[in-house]
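Enquirer: Questions regarding the structure given below will be posed in turn.
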Amino acid sequence: MAATLTFGYVTYIEATPQQVWHALTDPGPTAAYWGHSNVSDWQPGSRWEHRRTDGSGIADVEGAVLESSPPTRLVTTWAEPGARAAEAGPGVSTVTFGIEPYGEIVRLTLTHEGLADAAERDAAAQGWYAVLANLKTLLETGRPLPREPWAMP
């Protein structure tokens with residue numbers, strides 16, 4: 001079996017665990033800060049999709065819910081459509097969100113495992129930095145950043 005890489009990131013958000021969970025799993029908030037709606041019933045074994053917000057219904061990422069413990073832990077597979085995202089293997093990685101109270105704020109830990117190589121890890125890191133900054137801004141101010149960070153040159 002080929003070695004894979006992991007990306008990890010921790011951020012602190014002035015919010016409750018329930019607010020962070022809602023922002024990660026509800027299609028409305030995800031559309032606001034991520035540019036895609038995360039759609040699922042969030043039950044273990046269920047499918048989830050990262051759908052475009054342009055009305056096309058196209059999912060750019062899909063996967064399966066491996067673990068779901070609201071509001072503290074969500075684990076999903078992450079793959080391009082058609083990559084047999086419910087199964088481990090080439091082209092399928094795993095994303096874990098850990099949500100824990102930290103005094104009056106929340107510590108959000110993201111771990112993205114099973115990345116194929118350094119280029120994929122670096123691309124994932126750049127995406128996660130932008131998305132999590134926008135999530136934090138939305139939860140703390142009530143609005144996302146004025147421009148999507150991933151769309152800027």
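Chain lettering (A, B, ...) mirrors the order of the structure tokens, residue numbering begins at 1 for each chain separately, and ligand numbering begins at 1 in order of display.
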So that I can see what lies close to A:Leu115, please list as an NGL selection string the residues with an atom at most 8 Å from it, counting only C-alpha atoms and leaving out residues fewer than 3 positions away in the same chain.
Expert: :A and (4-6 or 93 or 112 or 118 or 120-121)
Enquirer: Which of chain A end up as strand (DSSP E or B) when DSSP is run on this backbone - answer as a ChimeraX atom specification?
Expert: /A:5-13,36-39,47-52,59-69,73-79,89,92-102,105-115
Enquirer: May I have the residues within 6 Å of A:Glu49 as a VMD selection string, using only C-alpha atoms and disregarding those fewer than 5 positions away in the same chain?
Expert: chain A and resid 38 to 39 59 62
Enquirer: So which one's closest to A:Ser40, A:Val65, A:Met152, A:Ile58, A:Val20? Using only C-alpha atoms, please.
Expert: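 With only C-alpha atoms as the atom set, the closest residue is A:Val65.
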Enquirer: Determine the nearest neighbour of A:Pro149 from the options A:Ala31, A:Val92, A:Leu135, A:Ala130, counting only C-alpha atoms.
Expert: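 For A:Pro149, the nearest of the candidates is A:Ala130.
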Enquirer: Run DSSP on the backbone of this structure and report the residues of stretch 22-81 of chain A it assigns to alpha helix (DSSP H), as an NGL selection string.
Expert: :A and (22-25 or 27-34)
Enquirer: What's around A:Leu110 at 12 Å? Count only C-alpha atoms, leave out sequence neighbours fewer than 2 positions away in its own chain, and write the answer as a ChimeraX atom specification.
Expert: /A:6-12,24,72-76,94-100,107-108,112-113,124-125,128-129,131-132
Enquirer: Of the candidates A:Ala119, A:Ile13, A:Val61, A:Leu66, which one gets nearest to A:Ser46 if we count only C-alpha atoms?
Expert: A:Leu66
Enquirer: Check the smallest atom-to-atom distance from each of A:Pro29, A:Trp48, A:Glu80, A:Leu139 to A:Ser68 using only C-alpha atoms, then report the winner.
Expert: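 Smallest distance to A:Ser68 is found for A:Trp48.
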Enquirer: Could you pull the residues within 10 Å of A:Leu145, counting only C-alpha atoms, minus those fewer than 5 positions along the same chain, as a list in words?
Expert: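 The neighbour list is Ala32, Tyr33, Ala130, Ala133, Asn134, Leu135, Lys136, Thr137 and Leu138 of chain A.
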Enquirer: For atom CA of A:Asp54 and atom CA of A:Thr111, determine how far apart the two atoms are, in Å to one decimal place.
Expert: 28.3 Å
Enquirer: Point out the residue among A:Gly114, A:His36, A:Arg52, A:Pro71 with the least atom-to-atom distance to A:His22, counting only C-alpha atoms.
Expert: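 Ranked by minimum distance to A:His22, first place goes to A:Pro71.
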Enquirer: Which residue is closest to A:Trp21? Choose from A:Pro101, A:Gly35, A:Pro146, A:Gly127 and count only C-alpha atoms.
Expert: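 Answer, going by the shortest atom-to-atom distance: A:Pro101.
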Enquirer: Please measure the separation of atom CA of A:Gly142 and atom CA of A:Val106, giving the value in Å to one decimal.
Expert: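 Interatomic distance here is 16.4 Å.
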Enquirer: State, in Å with one decimal place, the distance from atom CA of A:His50 to atom CA of A:Gly63.
Expert: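 Rounded to one decimal, the two atoms are 8.8 Å apart.
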